[in-house]
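Below is coords33.txt, holding compact mmCIF, C-alpha atoms and all ligand atoms.
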# COMPACT_ATOMS: atom_id res chain seq x y z
CA MET A 22 105.25 68.78 45.00
CA ALA A 23 103.55 68.45 48.39
CA SER A 24 100.59 70.72 48.90
CA ALA A 25 100.59 73.07 51.88
CA PRO A 26 98.55 71.80 54.82
CA VAL A 27 95.17 73.46 54.99
CA PHE A 28 93.93 74.53 58.42
CA ASN A 29 90.44 73.23 58.94
CA HIS A 30 88.63 75.99 60.81
CA ALA A 31 85.36 74.12 61.03
CA ALA A 32 87.05 71.14 62.65
CA ALA A 33 88.93 73.36 65.08
CA GLU A 34 85.72 75.13 66.11
CA MET A 35 84.03 71.81 66.67
CA THR A 36 86.87 70.51 68.84
CA GLN A 37 86.74 73.69 70.86
CA GLU A 38 83.01 73.40 71.33
CA THR A 39 83.28 69.82 72.50
CA ASP A 40 86.08 70.66 74.89
CA ILE A 41 84.33 73.63 76.49
CA ARG A 42 81.09 71.72 76.86
CA LYS A 43 82.97 68.76 78.35
CA ASN A 44 85.02 70.99 80.59
CA LEU A 45 81.90 72.72 81.88
CA SER A 46 80.24 69.46 82.76
CA ALA A 47 83.42 68.05 84.33
CA ILE A 48 83.91 71.17 86.48
CA GLY A 49 80.21 71.13 87.36
CA ALA A 50 80.47 67.51 88.50
CA ARG A 51 83.54 68.26 90.61
CA MET A 52 81.78 71.27 92.14
CA ALA A 53 78.74 69.18 93.02
CA GLY A 54 80.98 66.50 94.53
CA ALA A 55 82.81 69.06 96.66
CA ALA A 56 79.55 70.65 97.79
CA GLU A 57 78.03 67.29 98.74
CA ALA A 58 81.19 66.26 100.61
CA ALA A 59 80.86 69.48 102.60
CA GLY A 60 77.18 68.86 103.32
CA ARG A 61 76.15 71.73 101.06
CA ALA A 62 73.56 71.87 98.29
CA PRO A 63 75.27 71.75 94.87
CA ASP A 64 73.19 74.70 93.69
CA SER A 65 74.59 76.86 96.49
CA VAL A 66 77.77 77.35 94.44
CA THR A 67 77.90 79.30 91.16
CA LEU A 68 80.54 78.69 88.51
CA VAL A 69 81.85 81.99 87.17
CA ALA A 70 83.57 81.01 83.91
CA ILE A 71 86.49 83.42 83.48
CA SER A 72 86.75 84.12 79.76
CA LYS A 73 89.48 86.81 79.92
CA ALA A 74 92.10 86.56 77.19
CA HIS A 75 89.94 84.11 75.25
CA PRO A 76 88.06 85.24 72.16
CA ALA A 77 84.34 85.94 72.21
CA SER A 78 83.89 82.71 70.26
CA ALA A 79 85.03 80.72 73.31
CA ALA A 80 82.45 82.39 75.56
CA HIS A 81 79.92 81.85 72.78
CA GLN A 82 80.60 78.10 72.84
CA ALA A 83 80.00 78.05 76.58
CA LEU A 84 76.75 79.98 76.13
CA ILE A 85 75.61 77.52 73.49
CA ALA A 86 76.43 74.73 75.92
CA GLY A 87 73.99 76.38 78.33
CA HIS A 88 76.36 78.20 80.67
CA ARG A 89 75.31 81.71 81.68
CA VAL A 90 77.71 83.16 84.28
CA PHE A 91 81.02 84.63 83.16
CA GLY A 92 83.83 86.85 84.38
CA GLU A 93 86.23 89.28 82.76
CA ASN A 94 89.02 91.20 84.40
CA ARG A 95 89.22 94.26 82.13
CA VAL A 96 86.38 96.62 81.26
CA GLN A 97 87.77 97.34 77.80
CA GLU A 98 88.07 93.67 76.88
CA ALA A 99 84.57 93.03 78.25
CA GLU A 100 83.23 95.82 76.03
CA GLN A 101 84.79 94.23 72.99
CA LYS A 102 83.15 90.85 73.61
CA TRP A 103 80.03 91.13 75.73
CA PRO A 104 77.52 93.55 74.21
CA ALA A 105 76.97 91.24 71.24
CA LEU A 106 76.97 88.10 73.41
CA LYS A 107 74.41 89.66 75.78
CA ASP A 108 72.23 90.67 72.84
CA GLU A 109 72.11 87.05 71.80
CA PHE A 110 71.85 85.65 75.35
CA PRO A 111 70.03 88.32 77.41
CA ASN A 112 70.15 86.26 80.60
CA ALA A 113 73.96 85.99 80.55
CA VAL A 114 75.48 87.36 83.76
CA LEU A 115 78.82 89.14 83.65
CA HIS A 116 81.14 89.56 86.64
CA LEU A 117 84.02 92.02 86.70
CA VAL A 118 86.84 90.32 88.61
CA GLY A 119 89.74 92.67 87.85
CA ALA A 120 90.77 96.04 89.24
CA LEU A 121 88.34 98.86 88.48
CA GLN A 122 89.43 102.47 88.00
CA ARG A 123 87.03 105.21 88.93
CA ASN A 124 87.04 106.66 85.42
CA LYS A 125 85.66 103.34 84.12
CA VAL A 126 82.84 103.00 86.66
CA HIS A 127 80.23 104.30 84.21
CA ARG A 128 81.22 101.74 81.58
CA ALA A 129 81.54 98.93 84.12
CA VAL A 130 78.06 99.53 85.55
CA ALA A 131 76.58 99.74 82.07
CA LEU A 132 77.85 96.27 81.16
CA CYS A 133 78.55 94.24 84.29
CA ASP A 134 76.02 92.57 86.57
CA VAL A 135 78.41 91.91 89.43
CA ILE A 136 81.48 93.91 90.44
CA GLN A 137 83.79 91.88 92.65
CA THR A 138 86.71 94.21 93.23
CA ILE A 139 85.65 97.14 95.41
CA ASP A 140 88.60 98.06 97.58
CA ARG A 141 88.45 101.77 98.42
CA PRO A 142 85.82 104.23 99.64
CA LYS A 143 86.06 106.52 96.62
CA LEU A 144 85.33 103.60 94.31
CA ALA A 145 82.37 102.51 96.46
CA ARG A 146 80.98 106.07 96.33
CA ALA A 147 81.49 106.35 92.58
CA LEU A 148 79.65 103.04 92.15
CA ALA A 149 76.78 104.14 94.38
CA ASP A 150 76.46 107.38 92.37
CA GLU A 151 76.50 105.54 89.07
CA ILE A 152 73.96 102.98 90.32
CA SER A 153 71.49 105.70 91.28
CA LYS A 154 72.07 107.63 88.03
CA SER A 155 71.88 104.65 85.70
CA GLY A 156 69.12 102.70 87.42
CA ARG A 157 71.24 99.58 86.96
CA GLU A 158 71.84 97.47 90.04
CA PRO A 159 75.05 95.46 89.84
CA GLN A 160 75.76 93.34 92.89
CA CYS A 161 78.93 94.38 94.70
CA PHE A 162 81.70 92.39 96.34
CA ILE A 163 84.64 93.75 98.33
CA GLN A 164 88.07 92.37 97.47
CA ILE A 165 90.17 91.46 100.51
CA ASN A 166 93.95 91.21 100.09
CA THR A 167 94.19 88.23 102.43
CA GLY A 168 97.88 87.65 101.59
CA GLU A 169 98.73 91.34 102.20
CA GLU A 170 100.59 91.43 98.88
CA PRO A 171 101.67 94.96 97.92
CA GLN A 172 101.11 94.38 94.17
CA LYS A 173 97.56 93.12 94.66
CA GLY A 174 94.33 95.05 94.98
CA GLY A 175 92.07 94.62 97.96
CA ILE A 176 91.58 95.84 101.50
CA LEU A 177 93.97 94.53 104.15
CA PRO A 178 92.32 92.09 106.58
CA GLU A 179 92.92 94.41 109.54
CA ALA A 180 90.98 97.19 107.78
CA ALA A 181 88.21 94.93 106.50
CA ASP A 182 85.57 95.36 109.23
CA SER A 183 85.52 99.15 109.12
CA PHE A 184 85.63 99.23 105.31
CA ILE A 185 82.75 96.76 105.07
CA ALA A 186 80.69 98.89 107.47
CA GLU A 187 81.46 101.96 105.36
CA CYS A 188 80.43 100.14 102.17
CA GLN A 189 77.24 98.85 103.77
CA ASP A 190 76.44 102.51 104.40
CA ILE A 191 77.38 103.66 100.91
CA LEU A 192 76.00 100.78 98.86
CA GLY A 193 73.27 99.35 101.04
CA PRO A 194 71.80 96.03 99.90
CA ALA A 195 73.86 96.05 96.69
CA LEU A 196 76.79 94.90 98.83
CA ARG A 197 76.66 91.11 98.80
CA GLY A 198 79.97 89.57 99.73
CA LEU A 199 83.73 89.28 99.63
CA MET A 200 86.30 87.97 97.19
CA CYS A 201 89.98 87.09 97.47
CA ILE A 202 92.86 85.92 95.31
CA PRO A 203 95.32 84.04 97.53
CA PRO A 204 99.07 84.37 96.89
CA LEU A 205 100.25 81.89 94.25
CA ASP A 206 102.64 80.02 96.53
CA ASP A 207 100.54 79.90 99.72
CA GLU A 208 98.20 77.26 101.05
CA PRO A 209 94.88 78.64 99.79
CA SER A 210 92.73 77.14 102.56
CA LEU A 211 94.10 79.61 105.13
CA HIS A 212 93.00 82.49 102.91
CA PHE A 213 89.60 80.97 102.18
CA ALA A 214 88.99 80.38 105.89
CA LEU A 215 90.00 83.96 106.71
CA LEU A 216 87.66 85.34 104.04
CA GLY A 217 84.83 83.22 105.42
CA GLU A 218 85.43 84.51 108.96
CA ILE A 219 85.44 88.14 107.86
CA ALA A 220 82.20 87.65 105.90
CA ALA A 221 80.46 85.80 108.74
CA ARG A 222 81.23 88.38 111.41
CA ASN A 223 80.01 91.16 109.10
CA GLY A 224 76.82 89.44 108.01
CA LEU A 225 77.78 89.02 104.34
CA GLN A 226 76.43 85.98 102.51
CA GLU A 227 78.49 85.61 99.36
CA LEU A 228 82.09 84.38 99.05
CA SER A 229 83.92 84.52 95.73
CA MET A 230 86.97 82.32 96.13
CA GLY A 231 88.66 79.41 94.39
CA MET A 232 90.06 79.15 90.86
CA SER A 233 90.96 76.22 88.57
CA GLY A 234 93.54 74.77 90.96
CA ASP A 235 91.71 75.09 94.25
CA PHE A 236 87.96 75.51 93.75
CA GLU A 237 87.11 72.29 95.59
CA THR A 238 88.97 73.51 98.67
CA ALA A 239 87.15 76.82 98.38
CA ILE A 240 83.77 75.06 98.24
CA ARG A 241 84.66 73.06 101.34
CA LEU A 242 85.30 76.39 103.08
CA GLY A 243 82.06 78.02 101.99
CA ALA A 244 82.59 79.54 98.52
CA THR A 245 79.34 80.61 96.88
CA HIS A 246 81.13 81.64 93.66
CA VAL A 247 84.18 79.93 92.17
CA ARG A 248 86.07 81.67 89.37
CA VAL A 249 87.39 79.12 86.91
CA GLY A 250 89.17 80.14 83.72
CA THR A 251 91.72 77.56 82.57
CA GLY A 252 89.57 74.64 83.70
CA VAL A 253 86.77 75.74 81.39
CA PHE A 254 88.48 77.39 78.42
CA GLY A 255 91.97 75.84 78.50
CA GLU A 256 95.24 77.72 78.75
CA ARG A 257 95.01 81.41 77.98
CA PRO A 258 96.62 82.35 74.65
CA PRO A 259 100.09 83.64 75.64
CA PHE A 260 99.88 86.80 73.53
CA MET A 261 96.82 87.98 75.43
CA ALA A 262 97.46 86.35 78.79
CA LYS A 263 100.04 88.95 79.77
CA ALA A 264 97.75 91.90 79.16
CA ALA A 265 94.90 90.08 80.85
CA GLU A 266 96.76 89.89 84.15
CA GLY A 267 96.95 93.68 84.37
C1 LIG A 301 92.17 84.79 85.67
C2 LIG A 301 91.42 84.83 86.94
C3 LIG A 301 90.78 83.69 87.42
C4 LIG A 301 90.82 82.33 86.72
O1 LIG A 301 92.03 81.70 86.96
P1 LIG A 301 92.26 80.18 86.45
O2 LIG A 301 93.43 79.74 87.26
O3 LIG A 301 92.54 80.24 84.99
O4 LIG A 301 91.05 79.41 86.78
C5 LIG A 301 90.05 83.80 88.60
N1 LIG A 301 89.97 84.97 89.27
C6 LIG A 301 90.55 86.10 88.82
C7 LIG A 301 90.41 87.36 89.59
C8 LIG A 301 91.31 86.06 87.65
O5 LIG A 301 91.91 87.20 87.22

Would you mind writing the structure in this file as structure tokens?
Amino acid sequence: MASAPVFNHAAAEMTQETDIRKNLSAIGARMAGAAEAAGRAPDSVTLVAISKAHPASAAHQALIAGHRVFGENRVQEAEQKWPALKDEFPNAVLHLVGALQRNKVHRAVALCDVIQTIDRPKLARALADEISKSGREPQCFIQINTGEEPQKGGILPEAADSFIAECQDILGPALRGLMCIPPLDDEPSLHFALLGEIAARNGLQELSMGMSGDFETAIRLGATHVRVGTGVFGERPPFMAKAAEG
């Protein structure tokens, strides 16, 4: 009688660790190459490793490999994974890159160091209130809906200048930059260039743009933060990937 195959957890963990470490250094090398080709300093671009839909153990592997900057798109999922990881790695930096509801602002500010998805005045005000109450100082980015997609969050490009001015008033120096998520089937460079123009004419320094498929293009067009999930952690597990989009 053939014995049932035994799943070797230790071996699987080790493979995962090797892959994430390798992926991080491969992405880092490609980022540096793209920065140099654009005449930029490699350390002017930060890799935000998007760990959404992956277990805390995956982020833990990246932390052990020396990576420190991560992103999640849901507050609740971040709360399940990050308090323990931050206890162990106090200098880990967590970005929120998904939509934020006002009733979660308190929890988001408590846990996140950067909030990338401000897209309405009430949210900006709620964040400013929470920042002054909590004494925490997350950096803030405004999300621009460069593709004007109805299902996507973000301020429309035509409304960007006045909204940025309003947020500069409300948030002051906490407001650092802009982020965008181009439409899936569009040429991303047009969106990256547009985001760069809006930031430049409003005096904002930081640009969060570029994901696994297009981060080199984004760096060429001035990205200071690229958000790479699949390229670091592999494909998202299908059973969680769906929820993680929302
Ligand atoms: C999931 C996600 C990413 C990462 O996408 P990949 O294609 O896996 O690199 C980047 N930005 C945001 C806002 C995301 O939700």

Taking 6 positions as the minimum chain separation for residues in the same chain, which residues sit within 12 Å of segment 66-68 of chain A when counting all atoms listed in the file? Answer as an mmCIF file with C-alpha atoms, in the frame of the given file.
data_model
loop_
_atom_site.group_PDB
_atom_site.id
_atom_site.type_symbol
_atom_site.label_atom_id
_atom_site.label_comp_id
_atom_site.auth_asym_id
_atom_site.auth_seq_id
_atom_site.Cartn_x
_atom_site.Cartn_y
_atom_site.Cartn_z
ATOM 1 C CA ASN A 44 85.020 70.990 80.590
ATOM 2 C CA LEU A 45 81.900 72.720 81.880
ATOM 3 C CA SER A 46 80.240 69.460 82.760
ATOM 4 C CA ALA A 47 83.420 68.050 84.330
ATOM 5 C CA ILE A 48 83.910 71.170 86.480
ATOM 6 C CA GLY A 49 80.210 71.130 87.360
ATOM 7 C CA ALA A 50 80.470 67.510 88.500
ATOM 8 C CA ARG A 51 83.540 68.260 90.610
ATOM 9 C CA MET A 52 81.780 71.270 92.140
ATOM 10 C CA ALA A 53 78.740 69.180 93.020
ATOM 11 C CA GLY A 54 80.980 66.500 94.530
ATOM 12 C CA ALA A 55 82.810 69.060 96.660
ATOM 13 C CA ALA A 56 79.550 70.650 97.790
ATOM 14 C CA GLU A 57 78.030 67.290 98.740
ATOM 15 C CA ALA A 59 80.860 69.480 102.600
ATOM 16 C CA ALA A 83 80.000 78.050 76.580
ATOM 17 C CA HIS A 88 76.360 78.200 80.670
ATOM 18 C CA ARG A 89 75.310 81.710 81.680
ATOM 19 C CA VAL A 90 77.710 83.160 84.280
ATOM 20 C CA PHE A 91 81.020 84.630 83.160
ATOM 21 C CA GLY A 92 83.830 86.850 84.380
ATOM 22 C CA VAL A 114 75.480 87.360 83.760
ATOM 23 C CA LEU A 115 78.820 89.140 83.650
ATOM 24 C CA HIS A 116 81.140 89.560 86.640
ATOM 25 C CA GLN A 226 76.430 85.980 102.510
ATOM 26 C CA GLU A 227 78.490 85.610 99.360
ATOM 27 C CA LEU A 228 82.090 84.380 99.050
ATOM 28 C CA SER A 229 83.920 84.520 95.730
ATOM 29 C CA MET A 230 86.970 82.320 96.130
ATOM 30 C CA GLY A 231 88.660 79.410 94.390
ATOM 31 C CA MET A 232 90.060 79.150 90.860
ATOM 32 C CA SER A 233 90.960 76.220 88.570
ATOM 33 C CA PHE A 236 87.960 75.510 93.750
ATOM 34 C CA GLU A 237 87.110 72.290 95.590
ATOM 35 C CA ALA A 239 87.150 76.820 98.380
ATOM 36 C CA ILE A 240 83.770 75.060 98.240
ATOM 37 C CA ARG A 241 84.660 73.060 101.340
ATOM 38 C CA LEU A 242 85.300 76.390 103.080
ATOM 39 C CA GLY A 243 82.060 78.020 101.990
ATOM 40 C CA ALA A 244 82.590 79.540 98.520
ATOM 41 C CA THR A 245 79.340 80.610 96.880
ATOM 42 C CA HIS A 246 81.130 81.640 93.660
ATOM 43 C CA VAL A 247 84.180 79.930 92.170
ATOM 44 C CA ARG A 248 86.070 81.670 89.370
ATOM 45 C CA VAL A 249 87.390 79.120 86.910
ATOM 46 C CA GLY A 250 89.170 80.140 83.720
ATOM 47 C CA GLY A 252 89.570 74.640 83.700
ATOM 48 C CA VAL A 253 86.770 75.740 81.390
#

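Look at Ser78 of chain A: the protein and nucleic acid residues within 9 Å of it, using only C-alpha atoms and passing over chain neighbours fewer than 3 places away, are Glu34, His75, His81, Gln82, Ala83 and Lys102 of chain A.
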
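For the choices A:Glu170, A:Glu93, A:Asp150, A:Glu98, the atom-to-atom distance to ligand LIG 301 (chain A) is smallest for A:Glu93 when using only C-alpha atoms and all ligand atoms.
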
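The nearest approach to Arg146 of chain A among the residues A:Ile191, A:Gly168, A:Gly198, A:Arg123, with all atoms listed in the file taken into account, belongs to A:Ile191.
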
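Comparing the minimum interatomic distances between ligand LIG 301 (chain A) and each of A:Gly224, A:Pro258, A:Pro111, A:Gly156, counting only C-alpha atoms and all ligand atoms, we find that A:Pro258 sits nearest.
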
Please give the centre and size of the box around segment 153-159 of chain A (axis-aligned, containing every atom listed in the file, 5 Å added per side), with values in Å to one decimal and written as JSON.
{"center_x": 72.1, "center_y": 101.5, "center_z": 88.5, "size_x": 15.9, "size_y": 22.2, "size_z": 15.6}

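Coordinates place atom C8 of ligand LIG 301 (chain A) at a distance of 17.4 Å from atom CA of Ser210 of chain A.
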
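Atom CA of Arg222 of chain A to atom CA of Asp182 of chain A spans 8.5 Å [interatomic distance, one decimal].
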
Can you pull out the residues contacting Ile219 of chain A? Cut-off 10 Å, using all atoms listed in the file, and skip same-chain residues under 3 positions away; I want them as a PyMOL selection string. chain A and resi 165+178-179+181-182+185+198-199+214-216+222-225

Separation of atom CA of Ser153 of chain A from atom CA of Cys201 of chain A in Å: 27.0 Å

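Residue nearest Ala149 of chain A, chosen from A:Cys133, A:Ile202, A:Leu121, A:Cys188 and counting all atoms listed in the file: A:Cys188.
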
Which one of A:Lys173, A:His212, A:Arg42, A:His127 sits closest to ligand LIG 301 (chain A) if you count all atoms listed in the file? A:Lys173

Take the point (73.4, 100.5, 101.9) as written in the file and pick out every residue within 12 Å of it, counting all atoms listed in the file; give the list as a count of residues only. 21

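Taking only C-alpha atoms and all ligand atoms into account, ligand LIG 301 (chain A) lies nearest to A:Pro204 out of the set A:Pro204, A:Gly60, A:Pro104, A:Gly87.
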
Could you pull the residues within 8 Å of Gly174 of chain A, counting only C-alpha atoms, minus those fewer than 6 positions along the same chain, as a ChimeraX atom specification? /A:120,138,140,164-166

Mind dumping the selected residues with C-alpha atoms as a PDB file, in the coordinates of the input?
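See result.pdb below for the written result:
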ATOM      1  CA  ALA A 120      90.770  96.040  89.240  1.00  0.00           C
ATOM      2  CA  THR A 138      86.710  94.210  93.230  1.00  0.00           C
ATOM      3  CA  ASP A 140      88.600  98.060  97.580  1.00  0.00           C
ATOM      4  CA  GLN A 164      88.070  92.370  97.470  1.00  0.00           C
ATOM      5  CA  ILE A 165      90.170  91.460 100.510  1.00  0.00           C
ATOM      6  CA  ASN A 166      93.950  91.210 100.090  1.00  0.00           C
TER       7      ASN A 166
END
